[in-house]
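Trainee: File coords00.txt follows (compact mmCIF, N, CA and C atoms):
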```txt
# COMPACT_ATOMS: atom_id res chain seq x y z
N MET A 1 88.99 109.14 -8.35
CA MET A 1 89.79 109.28 -9.55
C MET A 1 90.98 110.17 -9.23
N ASP A 2 92.13 109.84 -9.75
CA ASP A 2 93.30 110.67 -9.51
C ASP A 2 93.22 111.94 -10.35
N GLU A 3 94.08 112.90 -10.02
CA GLU A 3 94.04 114.21 -10.66
C GLU A 3 94.47 114.17 -12.13
N THR A 4 95.32 113.21 -12.51
CA THR A 4 95.79 113.16 -13.88
C THR A 4 94.93 112.18 -14.67
N VAL A 5 94.42 112.66 -15.76
CA VAL A 5 93.63 111.84 -16.65
C VAL A 5 94.34 111.87 -17.99
N THR A 6 94.65 110.69 -18.51
CA THR A 6 95.38 110.66 -19.78
C THR A 6 94.43 110.92 -20.94
N LYS A 7 94.97 111.55 -21.95
CA LYS A 7 94.14 111.86 -23.11
C LYS A 7 93.77 110.56 -23.83
N PRO A 8 92.50 110.40 -24.14
CA PRO A 8 92.05 109.16 -24.78
C PRO A 8 92.38 109.14 -26.27
N GLU A 9 92.71 107.94 -26.74
CA GLU A 9 93.01 107.76 -28.16
C GLU A 9 92.25 106.58 -28.74
N THR A 10 91.99 105.57 -27.92
CA THR A 10 91.26 104.40 -28.39
C THR A 10 89.81 104.48 -27.92
N TYR A 11 88.96 103.70 -28.54
CA TYR A 11 87.56 103.69 -28.14
C TYR A 11 87.44 103.30 -26.67
N ARG A 12 88.21 102.33 -26.24
CA ARG A 12 88.17 101.87 -24.84
C ARG A 12 88.55 103.00 -23.89
N GLU A 13 89.59 103.75 -24.23
CA GLU A 13 90.00 104.88 -23.39
C GLU A 13 88.91 105.95 -23.34
N TRP A 14 88.26 106.17 -24.48
CA TRP A 14 87.15 107.13 -24.51
C TRP A 14 85.99 106.63 -23.65
N ALA A 15 85.71 105.34 -23.73
CA ALA A 15 84.62 104.76 -22.93
C ALA A 15 84.90 104.96 -21.45
N ASP A 16 86.13 104.73 -21.04
CA ASP A 16 86.51 104.92 -19.63
C ASP A 16 86.39 106.39 -19.22
N LEU A 17 86.85 107.28 -20.10
CA LEU A 17 86.78 108.71 -19.80
C LEU A 17 85.33 109.18 -19.69
N LEU A 18 84.49 108.73 -20.61
CA LEU A 18 83.07 109.12 -20.56
C LEU A 18 82.39 108.54 -19.32
N LYS A 19 82.81 107.36 -18.91
CA LYS A 19 82.26 106.78 -17.69
C LYS A 19 82.62 107.64 -16.48
N GLN A 20 83.86 108.11 -16.43
CA GLN A 20 84.29 108.99 -15.34
C GLN A 20 83.49 110.29 -15.35
N PHE A 21 83.29 110.83 -16.53
CA PHE A 21 82.52 112.08 -16.65
C PHE A 21 81.07 111.85 -16.24
N LYS A 22 80.52 110.74 -16.66
CA LYS A 22 79.14 110.39 -16.32
C LYS A 22 78.95 110.28 -14.81
N GLN A 23 79.96 109.78 -14.14
CA GLN A 23 79.91 109.59 -12.68
C GLN A 23 80.37 110.83 -11.93
N ARG A 24 80.57 111.91 -12.64
CA ARG A 24 80.98 113.18 -12.05
C ARG A 24 82.34 113.08 -11.35
N GLY A 25 83.25 112.36 -12.02
CA GLY A 25 84.63 112.34 -11.53
C GLY A 25 85.19 113.74 -11.72
N ASN A 26 86.41 113.93 -11.57
CA ASN A 26 87.06 115.24 -11.69
C ASN A 26 86.75 115.83 -13.07
N ASP A 27 85.69 116.62 -13.15
CA ASP A 27 85.23 117.16 -14.43
C ASP A 27 86.29 117.99 -15.14
N GLN A 28 87.00 118.80 -14.40
CA GLN A 28 88.00 119.68 -15.01
C GLN A 28 89.08 118.85 -15.71
N ALA A 29 89.61 117.86 -15.03
CA ALA A 29 90.66 117.02 -15.62
C ALA A 29 90.11 116.16 -16.74
N THR A 30 88.90 115.67 -16.56
CA THR A 30 88.28 114.82 -17.58
C THR A 30 88.03 115.61 -18.86
N LEU A 31 87.49 116.81 -18.73
CA LEU A 31 87.24 117.63 -19.92
C LEU A 31 88.54 118.07 -20.59
N ALA A 32 89.55 118.36 -19.79
CA ALA A 32 90.86 118.73 -20.36
C ALA A 32 91.43 117.57 -21.17
N ALA A 33 91.33 116.36 -20.63
CA ALA A 33 91.83 115.19 -21.35
C ALA A 33 91.01 114.97 -22.62
N ALA A 34 89.70 115.15 -22.53
CA ALA A 34 88.84 114.96 -23.71
C ALA A 34 89.19 115.96 -24.81
N LYS A 35 89.49 117.19 -24.44
CA LYS A 35 89.84 118.21 -25.44
C LYS A 35 91.12 117.85 -26.18
N ASN A 36 92.00 117.12 -25.50
CA ASN A 36 93.27 116.74 -26.11
C ASN A 36 93.25 115.36 -26.74
N GLY A 37 92.14 114.64 -26.57
CA GLY A 37 92.03 113.28 -27.09
C GLY A 37 91.80 113.24 -28.59
N THR A 38 92.06 112.08 -29.14
CA THR A 38 91.83 111.86 -30.56
C THR A 38 91.03 110.57 -30.73
N LEU A 39 90.36 110.47 -31.86
CA LEU A 39 89.62 109.25 -32.18
C LEU A 39 89.52 109.16 -33.68
N VAL A 40 89.84 107.97 -34.20
CA VAL A 40 89.68 107.75 -35.64
C VAL A 40 88.19 107.57 -35.87
N TRP A 41 87.60 108.46 -36.64
CA TRP A 41 86.16 108.52 -36.83
C TRP A 41 85.75 107.56 -37.95
N GLN A 42 85.66 106.27 -37.61
CA GLN A 42 85.25 105.23 -38.56
C GLN A 42 83.78 104.92 -38.34
N GLU A 43 83.16 104.33 -39.36
CA GLU A 43 81.72 104.10 -39.32
C GLU A 43 81.25 103.36 -38.07
N GLY A 44 81.78 102.22 -37.76
CA GLY A 44 81.34 101.44 -36.59
C GLY A 44 81.66 102.13 -35.27
N VAL A 45 82.85 102.67 -35.18
CA VAL A 45 83.28 103.34 -33.95
C VAL A 45 82.48 104.64 -33.76
N ALA A 46 82.27 105.36 -34.82
CA ALA A 46 81.60 106.66 -34.73
C ALA A 46 80.19 106.54 -34.15
N SER A 47 79.43 105.59 -34.62
CA SER A 47 78.05 105.45 -34.14
C SER A 47 78.02 105.01 -32.68
N ARG A 48 78.91 104.10 -32.30
CA ARG A 48 78.97 103.66 -30.89
C ARG A 48 79.44 104.80 -30.00
N PHE A 49 80.44 105.53 -30.46
CA PHE A 49 80.96 106.65 -29.69
C PHE A 49 79.89 107.73 -29.52
N PHE A 50 79.19 108.06 -30.60
CA PHE A 50 78.13 109.06 -30.54
C PHE A 50 77.07 108.64 -29.52
N GLN A 51 76.64 107.39 -29.58
CA GLN A 51 75.62 106.92 -28.64
C GLN A 51 76.11 106.97 -27.20
N ARG A 52 77.39 106.66 -27.00
CA ARG A 52 77.95 106.71 -25.65
C ARG A 52 77.97 108.16 -25.14
N VAL A 53 78.31 109.10 -26.00
CA VAL A 53 78.31 110.52 -25.60
C VAL A 53 76.88 110.96 -25.29
N VAL A 54 75.92 110.58 -26.12
CA VAL A 54 74.52 110.94 -25.88
C VAL A 54 74.05 110.36 -24.55
N ASP A 55 74.38 109.10 -24.29
CA ASP A 55 74.00 108.47 -23.02
C ASP A 55 74.63 109.20 -21.83
N THR A 56 75.87 109.61 -21.99
CA THR A 56 76.56 110.35 -20.94
C THR A 56 75.88 111.70 -20.69
N ILE A 57 75.57 112.41 -21.75
CA ILE A 57 74.90 113.70 -21.63
C ILE A 57 73.54 113.52 -20.95
N ASN A 58 72.78 112.55 -21.40
CA ASN A 58 71.45 112.32 -20.82
C ASN A 58 71.54 111.95 -19.34
N ALA A 59 72.53 111.14 -18.98
CA ALA A 59 72.70 110.76 -17.58
C ALA A 59 73.07 111.96 -16.72
N ARG A 60 73.93 112.82 -17.25
CA ARG A 60 74.32 114.02 -16.50
C ARG A 60 73.14 114.98 -16.36
N ILE A 61 72.33 115.11 -17.39
CA ILE A 61 71.15 115.96 -17.32
C ILE A 61 70.18 115.41 -16.27
N GLU A 62 69.95 114.13 -16.30
CA GLU A 62 69.04 113.50 -15.33
C GLU A 62 69.55 113.70 -13.91
N SER A 63 70.83 113.48 -13.71
CA SER A 63 71.44 113.65 -12.38
C SER A 63 71.36 115.11 -11.93
N ALA A 64 71.66 116.04 -12.84
CA ALA A 64 71.60 117.46 -12.49
C ALA A 64 70.18 117.88 -12.16
N SER A 65 69.21 117.37 -12.90
CA SER A 65 67.81 117.69 -12.63
C SER A 65 67.39 117.17 -11.26
N HIS A 66 67.82 115.97 -10.95
CA HIS A 66 67.49 115.38 -9.65
C HIS A 66 68.12 116.21 -8.52
N THR A 67 69.38 116.57 -8.68
CA THR A 67 70.07 117.40 -7.68
C THR A 67 69.36 118.74 -7.53
N PHE A 68 68.98 119.33 -8.65
CA PHE A 68 68.28 120.61 -8.64
C PHE A 68 66.96 120.49 -7.87
N GLN A 69 66.21 119.45 -8.14
CA GLN A 69 64.94 119.25 -7.43
C GLN A 69 65.15 119.12 -5.93
N GLN A 70 66.18 118.39 -5.54
CA GLN A 70 66.49 118.26 -4.11
C GLN A 70 66.85 119.62 -3.51
N GLN A 71 67.67 120.39 -4.24
CA GLN A 71 68.07 121.70 -3.74
C GLN A 71 66.86 122.62 -3.61
N MET A 72 65.96 122.56 -4.55
CA MET A 72 64.77 123.41 -4.50
C MET A 72 63.86 123.00 -3.35
N THR A 73 63.79 121.73 -3.06
CA THR A 73 62.98 121.25 -1.94
C THR A 73 63.52 121.80 -0.63
N HIS A 74 64.84 121.85 -0.52
CA HIS A 74 65.47 122.33 0.71
C HIS A 74 65.68 123.84 0.72
N ALA A 75 65.52 124.48 -0.42
CA ALA A 75 65.77 125.92 -0.50
C ALA A 75 64.72 126.73 0.25
N GLY A 76 63.51 126.20 0.29
CA GLY A 76 62.45 126.96 0.95
C GLY A 76 62.26 128.30 0.26
N ALA A 77 62.20 129.34 1.04
CA ALA A 77 61.99 130.67 0.48
C ALA A 77 63.30 131.44 0.30
N SER A 78 64.41 130.78 0.48
CA SER A 78 65.70 131.46 0.40
C SER A 78 66.06 131.79 -1.05
N GLU A 79 66.06 133.07 -1.36
CA GLU A 79 66.42 133.50 -2.72
C GLU A 79 67.84 133.07 -3.07
N ALA A 80 68.74 133.20 -2.13
CA ALA A 80 70.15 132.83 -2.38
C ALA A 80 70.26 131.36 -2.74
N ALA A 81 69.53 130.50 -2.04
CA ALA A 81 69.60 129.06 -2.31
C ALA A 81 69.00 128.73 -3.68
N ILE A 82 67.93 129.42 -4.04
CA ILE A 82 67.30 129.19 -5.34
C ILE A 82 68.24 129.64 -6.46
N ILE A 83 68.83 130.81 -6.30
CA ILE A 83 69.77 131.32 -7.31
C ILE A 83 70.98 130.39 -7.43
N LYS A 84 71.48 129.92 -6.31
CA LYS A 84 72.63 129.00 -6.34
C LYS A 84 72.27 127.72 -7.09
N ALA A 85 71.10 127.18 -6.84
CA ALA A 85 70.66 125.95 -7.51
C ALA A 85 70.53 126.18 -9.02
N LEU A 86 69.98 127.31 -9.41
CA LEU A 86 69.85 127.63 -10.84
C LEU A 86 71.22 127.80 -11.49
N HIS A 87 72.14 128.44 -10.80
CA HIS A 87 73.49 128.64 -11.35
C HIS A 87 74.24 127.31 -11.48
N GLN A 88 74.06 126.43 -10.52
CA GLN A 88 74.71 125.12 -10.61
C GLN A 88 74.17 124.33 -11.79
N LEU A 89 72.87 124.44 -12.01
CA LEU A 89 72.26 123.77 -13.15
C LEU A 89 72.81 124.34 -14.46
N LYS A 90 72.93 125.64 -14.53
CA LYS A 90 73.49 126.28 -15.72
C LYS A 90 74.94 125.85 -15.95
N GLN A 91 75.73 125.75 -14.87
CA GLN A 91 77.12 125.31 -14.99
C GLN A 91 77.20 123.87 -15.51
N GLU A 92 76.25 123.06 -15.10
CA GLU A 92 76.23 121.68 -15.59
C GLU A 92 76.03 121.65 -17.10
N TYR A 93 75.13 122.47 -17.59
CA TYR A 93 74.91 122.53 -19.04
C TYR A 93 76.17 123.04 -19.75
N GLN A 94 76.90 123.96 -19.14
CA GLN A 94 78.14 124.45 -19.74
C GLN A 94 79.17 123.32 -19.87
N LYS A 95 79.23 122.46 -18.88
CA LYS A 95 80.16 121.31 -18.96
C LYS A 95 79.74 120.37 -20.09
N LEU A 96 78.45 120.19 -20.26
CA LEU A 96 77.97 119.33 -21.34
C LEU A 96 78.29 119.92 -22.70
N ILE A 97 78.19 121.23 -22.81
CA ILE A 97 78.56 121.91 -24.05
C ILE A 97 80.05 121.73 -24.33
N GLN A 98 80.87 121.82 -23.29
CA GLN A 98 82.31 121.60 -23.46
C GLN A 98 82.58 120.20 -23.97
N LEU A 99 81.87 119.21 -23.42
CA LEU A 99 82.06 117.83 -23.88
C LEU A 99 81.62 117.70 -25.35
N ALA A 100 80.49 118.28 -25.69
CA ALA A 100 79.95 118.15 -27.04
C ALA A 100 80.82 118.79 -28.11
N THR A 101 81.65 119.73 -27.71
CA THR A 101 82.45 120.48 -28.69
C THR A 101 83.94 120.14 -28.66
N ILE A 102 84.28 118.97 -28.15
CA ILE A 102 85.70 118.59 -28.15
C ILE A 102 86.16 118.36 -29.59
N PRO A 103 87.42 118.64 -29.87
CA PRO A 103 87.93 118.53 -31.24
C PRO A 103 87.84 117.13 -31.86
N ALA A 104 87.80 116.08 -31.05
CA ALA A 104 87.74 114.72 -31.59
C ALA A 104 86.40 114.42 -32.26
N ILE A 105 85.40 115.25 -31.98
CA ILE A 105 84.07 115.04 -32.57
C ILE A 105 83.93 115.95 -33.79
N PRO A 106 83.56 115.38 -34.93
CA PRO A 106 83.38 116.19 -36.14
C PRO A 106 82.29 117.25 -35.96
N GLU A 107 82.41 118.34 -36.67
CA GLU A 107 81.51 119.50 -36.56
C GLU A 107 80.03 119.10 -36.69
N GLU A 108 79.71 118.29 -37.67
CA GLU A 108 78.31 117.90 -37.89
C GLU A 108 77.75 117.16 -36.66
N THR A 109 78.55 116.30 -36.08
CA THR A 109 78.13 115.56 -34.89
C THR A 109 78.06 116.49 -33.68
N GLN A 110 78.98 117.42 -33.59
CA GLN A 110 78.92 118.41 -32.51
C GLN A 110 77.59 119.17 -32.56
N GLN A 111 77.16 119.54 -33.76
CA GLN A 111 75.92 120.28 -33.90
C GLN A 111 74.71 119.47 -33.42
N LYS A 112 74.73 118.17 -33.68
CA LYS A 112 73.65 117.29 -33.20
C LYS A 112 73.63 117.25 -31.67
N LEU A 113 74.81 117.15 -31.09
CA LEU A 113 74.91 117.09 -29.63
C LEU A 113 74.49 118.43 -29.01
N LEU A 114 74.92 119.52 -29.61
CA LEU A 114 74.54 120.84 -29.11
C LEU A 114 73.04 121.06 -29.20
N LYS A 115 72.42 120.56 -30.25
CA LYS A 115 70.96 120.68 -30.39
C LYS A 115 70.27 119.89 -29.28
N LEU A 116 70.75 118.70 -28.99
CA LEU A 116 70.20 117.88 -27.91
C LEU A 116 70.26 118.65 -26.58
N ILE A 117 71.40 119.23 -26.30
CA ILE A 117 71.59 119.98 -25.05
C ILE A 117 70.72 121.23 -25.04
N ASP A 118 70.73 121.96 -26.14
CA ASP A 118 69.96 123.21 -26.20
C ASP A 118 68.46 122.95 -26.09
N ASP A 119 67.97 121.93 -26.77
CA ASP A 119 66.54 121.59 -26.68
C ASP A 119 66.16 121.26 -25.24
N ASN A 120 67.03 120.53 -24.57
CA ASN A 120 66.76 120.17 -23.19
C ASN A 120 66.75 121.40 -22.29
N ARG A 121 67.72 122.29 -22.49
CA ARG A 121 67.79 123.52 -21.69
C ARG A 121 66.54 124.37 -21.88
N LYS A 122 66.10 124.52 -23.12
CA LYS A 122 64.92 125.33 -23.40
C LYS A 122 63.66 124.72 -22.77
N THR A 123 63.53 123.41 -22.88
CA THR A 123 62.38 122.73 -22.27
C THR A 123 62.40 122.90 -20.76
N LEU A 124 63.57 122.74 -20.17
CA LEU A 124 63.69 122.91 -18.73
C LEU A 124 63.33 124.33 -18.31
N GLN A 125 63.84 125.31 -19.03
CA GLN A 125 63.54 126.71 -18.71
C GLN A 125 62.04 126.97 -18.79
N ASN A 126 61.40 126.46 -19.83
CA ASN A 126 59.95 126.64 -19.98
C ASN A 126 59.20 125.97 -18.83
N ASN A 127 59.65 124.78 -18.44
CA ASN A 127 59.02 124.07 -17.32
C ASN A 127 59.19 124.84 -16.01
N LEU A 128 60.38 125.39 -15.81
CA LEU A 128 60.64 126.16 -14.59
C LEU A 128 59.74 127.40 -14.55
N GLU A 129 59.62 128.08 -15.68
CA GLU A 129 58.78 129.27 -15.74
C GLU A 129 57.31 128.92 -15.50
N THR A 130 56.86 127.81 -16.06
CA THR A 130 55.48 127.38 -15.86
C THR A 130 55.23 127.04 -14.40
N SER A 131 56.16 126.32 -13.80
CA SER A 131 56.02 125.95 -12.39
C SER A 131 56.04 127.18 -11.49
N ALA A 132 56.85 128.15 -11.84
CA ALA A 132 56.99 129.35 -11.00
C ALA A 132 55.73 130.20 -11.00
N LYS A 133 54.88 130.02 -11.99
CA LYS A 133 53.64 130.80 -12.05
C LYS A 133 52.72 130.52 -10.86
N SER A 134 52.90 129.35 -10.23
CA SER A 134 52.04 129.01 -9.09
C SER A 134 52.43 129.79 -7.82
N ASP A 135 53.58 130.43 -7.84
CA ASP A 135 54.01 131.26 -6.71
C ASP A 135 53.33 132.61 -6.83
N ARG A 136 52.39 132.87 -5.96
CA ARG A 136 51.58 134.10 -6.05
C ARG A 136 52.39 135.38 -5.85
N SER A 137 53.48 135.29 -5.13
CA SER A 137 54.27 136.50 -4.88
C SER A 137 55.00 136.97 -6.14
N GLY A 138 55.24 136.05 -7.06
CA GLY A 138 55.97 136.39 -8.27
C GLY A 138 57.48 136.35 -8.09
N LYS A 139 57.92 136.11 -6.86
CA LYS A 139 59.36 136.10 -6.57
C LYS A 139 60.07 134.97 -7.32
N LEU A 140 59.49 133.78 -7.27
CA LEU A 140 60.12 132.64 -7.93
C LEU A 140 60.18 132.84 -9.44
N ALA A 141 59.11 133.35 -10.01
CA ALA A 141 59.09 133.61 -11.46
C ALA A 141 60.19 134.60 -11.84
N SER A 142 60.36 135.61 -11.02
CA SER A 142 61.40 136.61 -11.28
C SER A 142 62.79 135.97 -11.19
N LEU A 143 63.00 135.15 -10.19
CA LEU A 143 64.31 134.49 -10.04
C LEU A 143 64.60 133.57 -11.22
N VAL A 144 63.60 132.82 -11.65
CA VAL A 144 63.77 131.88 -12.76
C VAL A 144 64.06 132.62 -14.06
N LYS A 145 63.38 133.74 -14.28
CA LYS A 145 63.60 134.51 -15.50
C LYS A 145 64.93 135.26 -15.49
N ASN A 146 65.36 135.71 -14.32
CA ASN A 146 66.61 136.48 -14.22
C ASN A 146 67.85 135.59 -14.09
N ASN A 147 67.65 134.32 -13.87
CA ASN A 147 68.77 133.36 -13.73
C ASN A 147 68.51 132.17 -14.64
N ARG A 148 68.34 132.46 -15.91
CA ARG A 148 67.95 131.47 -16.90
C ARG A 148 69.00 130.37 -17.05
N VAL A 149 68.53 129.14 -17.26
CA VAL A 149 69.45 128.03 -17.51
C VAL A 149 69.66 127.80 -19.00
N ASP A 150 68.88 128.50 -19.83
CA ASP A 150 68.98 128.27 -21.28
C ASP A 150 69.84 129.30 -22.00
N ARG A 151 70.68 130.00 -21.27
CA ARG A 151 71.58 130.97 -21.92
C ARG A 151 72.97 130.82 -21.40
```
Go ahead and express the file in the form of structure tokens.

Mentor:
Amino acid sequence: MDETVTKPETYREWADLLKQFKQRGNDQATLAAAKNGTLVWQEGVASRFFQRVVDTINARIESASHTFQQQMTHAGASEAAIIKALHQLKQEYQKLIQLATIPAIPEETQQKLLKLIDDNRKTLQNNLETSAKSDRSGKLASLVKNNRVDR
């Protein structure tokens, strides 16, 4: 993807932009364009757009979780690698929050998207803490609690 991303105005342009974001194209440029984009919030368009955003968020969460699992597999006992993986996961959620709160999305819909993201973050954090309990040294549990993905 090139560095310049035009601000979306039509449903088709939004669909293309969300596809780029879903595929982890230039996130910074994509989010900047999304913040400046507009969309006429009509009944038919709104529901399709909302579903497309939800699908994009879910795909990014799934991809980030997969990447995180791979990083943890290769991290071994390296505290630095574990912390880096947790921070990258947290940054991914921050990008999703940025997408969910773009001005083109009405406040009520933003709240639904933020709840989806927040619920997922909390569940993930709880799962990480539960998994870390199997580490007898307590090091992993400490790292997971001190580098939370749900805040």

Trainee: Which of these, A:Leu143, A:Leu124, A:Ala34, A:Ala29, has the shortest distance to Ile102 in chain A once you count all atoms listed in the file?

Mentor: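 Under the stated criterion, the closest residue is A:Ala34.
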
Trainee: For CA of Ser131 in chain A and atom N of Asp55 in chain A, quote the distance in Å rounded to one decimal.

Mentor: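 These atoms are spaced 27.6 Å apart.
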
Trainee: As a list of chain:residue names, please: the residues near Ile97 in chain A (cut-off 8 Å, all atoms listed in the file, same-chain neighbours under 6 positions excluded).

Mentor: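 Result of the neighbour search: A:Gln91, A:Leu113, A:Leu114, A:Ile117.
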
Trainee: Would you mind exporting the chosen residues as a short mmCIF file (atom, residue, chain, number, x, y, z; two decimals), keeping the file's coordinate frame, restricted to N, CA and C atoms?

Mentor:
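Below you can see selection_29.cif, which holds the result:
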```cif
data_model
loop_
_atom_site.label_atom_id
_atom_site.label_comp_id
_atom_site.auth_asym_id
_atom_site.auth_seq_id
_atom_site.Cartn_x
_atom_site.Cartn_y
_atom_site.Cartn_z
N GLN A 91 75.73 125.75 -14.87
CA GLN A 91 77.12 125.31 -14.99
C GLN A 91 77.20 123.87 -15.51
N LEU A 113 74.81 117.15 -31.09
CA LEU A 113 74.91 117.09 -29.63
C LEU A 113 74.49 118.43 -29.01
N LEU A 114 74.92 119.52 -29.61
CA LEU A 114 74.54 120.84 -29.11
C LEU A 114 73.04 121.06 -29.20
N ILE A 117 71.40 119.23 -26.30
CA ILE A 117 71.59 119.98 -25.05
C ILE A 117 70.72 121.23 -25.04
#
```

Trainee: Enclose the full set of atoms of range 38-57 of chain A listed in the file within a box whose edges lie along x, y and z, apply 3 Å of padding to each of the six sides, and report centre and edge lengths in Å to one decimal as AutoDock Vina command-line options.

Mentor:
```
--center_x 82.8 --center_y 107.6 --center_z -30.0 --size_x 24.5 --size_y 18.3 --size_z 24.7
```

Trainee: Rank nothing, just name the residue among A:Val53, A:Leu39, A:Ala32, A:Val5 nearest to Ala104 in chain A, using all atoms listed in the file.

Mentor: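 Ranked by minimum distance to Ala104 in chain A, first place goes to A:Leu39.
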
Trainee: Hey, can you check how far CA of Gly138 in chain A sits from atom N of His87 in chain A?

Mentor: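 Separation of CA of Gly138 in chain A and atom N of His87 in chain A: 18.2 Å.
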
Trainee: Fewer than 6 positions away in the same chain doesn't count, so skip those; otherwise give me all residues within 8 Å of range 67-69 of chain A, counting all atoms listed in the file, as a list in words.

Mentor: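 Close residues of range 67-69 of chain A: Ile61, Ala75, Ala85, Leu86, Gln88 and Leu89 of chain A.
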
Trainee: Take the residues from that selection and put them in a file with N, CA and C atoms, as a CSV table (one decimal), in the frame of the given file.

Mentor:
```
chain,number,residue,atom,x,y,z
A,61,ILE,N,72.3,115.1,-17.4
A,61,ILE,CA,71.2,116.0,-17.3
A,61,ILE,C,70.2,115.4,-16.3
A,75,ALA,N,65.5,124.5,-0.4
A,75,ALA,CA,65.8,125.9,-0.5
A,75,ALA,C,64.7,126.7,0.2
A,85,ALA,N,71.1,127.2,-6.8
A,85,ALA,CA,70.7,126.0,-7.5
A,85,ALA,C,70.5,126.2,-9.0
A,86,LEU,N,70.0,127.3,-9.4
A,86,LEU,CA,69.8,127.6,-10.8
A,86,LEU,C,71.2,127.8,-11.5
A,88,GLN,N,74.1,126.4,-10.5
A,88,GLN,CA,74.7,125.1,-10.6
A,88,GLN,C,74.2,124.3,-11.8
A,89,LEU,N,72.9,124.4,-12.0
A,89,LEU,CA,72.3,123.8,-13.2
A,89,LEU,C,72.8,124.3,-14.5
```

Trainee: CA of Gly25 in chain A and CA of Glu9 in chain A, how far apart in Å?

Mentor: 19.2 Å

Trainee: Name the residues in contact with Lys90 in chain A at a cut-off of 8 Å, using only N, CA and C atoms, excluding same-chain residues fewer than 3 positions from it; report them as a list in words.

Mentor: Lys84, Ala85, Leu86, His87, Tyr93, Gln94, Lys95, Leu96, Asn147, Arg148, Val149, Asp150 and Arg151 of chain A

Trainee: Which residues are close to Leu18 in chain A, i.e. within 8 Å by only N, CA and C atoms, leaving aside same-chain residues fewer than 3 positions away? Reply as a list in words.

Mentor: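 Everything that qualifies: Arg12, Glu13, Trp14, Ala15, Phe21, Lys22, Gln23, Arg24, Thr30, Arg52, Val53 and Thr56 of chain A.
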
Trainee: How about saving the chosen residues, N, CA and C atoms kept, as an mmCIF file, in the frame of the given file?

Mentor:
```cif
data_model
loop_
_atom_site.group_PDB
_atom_site.id
_atom_site.type_symbol
_atom_site.label_atom_id
_atom_site.label_comp_id
_atom_site.auth_asym_id
_atom_site.auth_seq_id
_atom_site.Cartn_x
_atom_site.Cartn_y
_atom_site.Cartn_z
ATOM 1 N N ARG A 12 88.210 102.330 -26.240
ATOM 2 C CA ARG A 12 88.170 101.870 -24.840
ATOM 3 C C ARG A 12 88.550 103.000 -23.890
ATOM 4 N N GLU A 13 89.590 103.750 -24.230
ATOM 5 C CA GLU A 13 90.000 104.880 -23.390
ATOM 6 C C GLU A 13 88.910 105.950 -23.340
ATOM 7 N N TRP A 14 88.260 106.170 -24.480
ATOM 8 C CA TRP A 14 87.150 107.130 -24.510
ATOM 9 C C TRP A 14 85.990 106.630 -23.650
ATOM 10 N N ALA A 15 85.710 105.340 -23.730
ATOM 11 C CA ALA A 15 84.620 104.760 -22.930
ATOM 12 C C ALA A 15 84.900 104.960 -21.450
ATOM 13 N N PHE A 21 83.290 110.830 -16.530
ATOM 14 C CA PHE A 21 82.520 112.080 -16.650
ATOM 15 C C PHE A 21 81.070 111.850 -16.240
ATOM 16 N N LYS A 22 80.520 110.740 -16.660
ATOM 17 C CA LYS A 22 79.140 110.390 -16.320
ATOM 18 C C LYS A 22 78.950 110.280 -14.810
ATOM 19 N N GLN A 23 79.960 109.780 -14.140
ATOM 20 C CA GLN A 23 79.910 109.590 -12.680
ATOM 21 C C GLN A 23 80.370 110.830 -11.930
ATOM 22 N N ARG A 24 80.570 111.910 -12.640
ATOM 23 C CA ARG A 24 80.980 113.180 -12.050
ATOM 24 C C ARG A 24 82.340 113.080 -11.350
ATOM 25 N N THR A 30 88.900 115.670 -16.560
ATOM 26 C CA THR A 30 88.280 114.820 -17.580
ATOM 27 C C THR A 30 88.030 115.610 -18.860
ATOM 28 N N ARG A 52 77.390 106.660 -27.000
ATOM 29 C CA ARG A 52 77.950 106.710 -25.650
ATOM 30 C C ARG A 52 77.970 108.160 -25.140
ATOM 31 N N VAL A 53 78.310 109.100 -26.000
ATOM 32 C CA VAL A 53 78.310 110.520 -25.600
ATOM 33 C C VAL A 53 76.880 110.960 -25.290
ATOM 34 N N THR A 56 75.870 109.610 -21.990
ATOM 35 C CA THR A 56 76.560 110.350 -20.940
ATOM 36 C C THR A 56 75.880 111.700 -20.690
#
```

Trainee: I need the residue nearest Glu62 in chain A from this list: A:Glu43, A:Glu108, A:Glu79, A:Glu92. Use only C-alpha atoms for the distance.

Mentor: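 The answer is A:Glu92, which sits nearest to Glu62 in chain A.
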
Trainee: Would you please work out which residue, of A:Gln71, A:Arg136, A:Leu128, A:Pro106, is nearest to Trp41 in chain A when using only N, CA and C atoms?

Mentor: A:Pro106

Trainee: Within chain A, find each residue whose DSSP state, derived from the backbone, is alpha helix (DSSP H), and express the selection as a ChimeraX atom specification.

Mentor: /A:11-22,27-36,43-75,79-100,107-132,139-146

Trainee: For a quick check of understanding, using all atoms listed in the file, which of A:Thr109, A:Thr10, A:Gln125, A:Lys35 has the smallest distance to Phe50 in chain A?

Mentor: A:Thr109
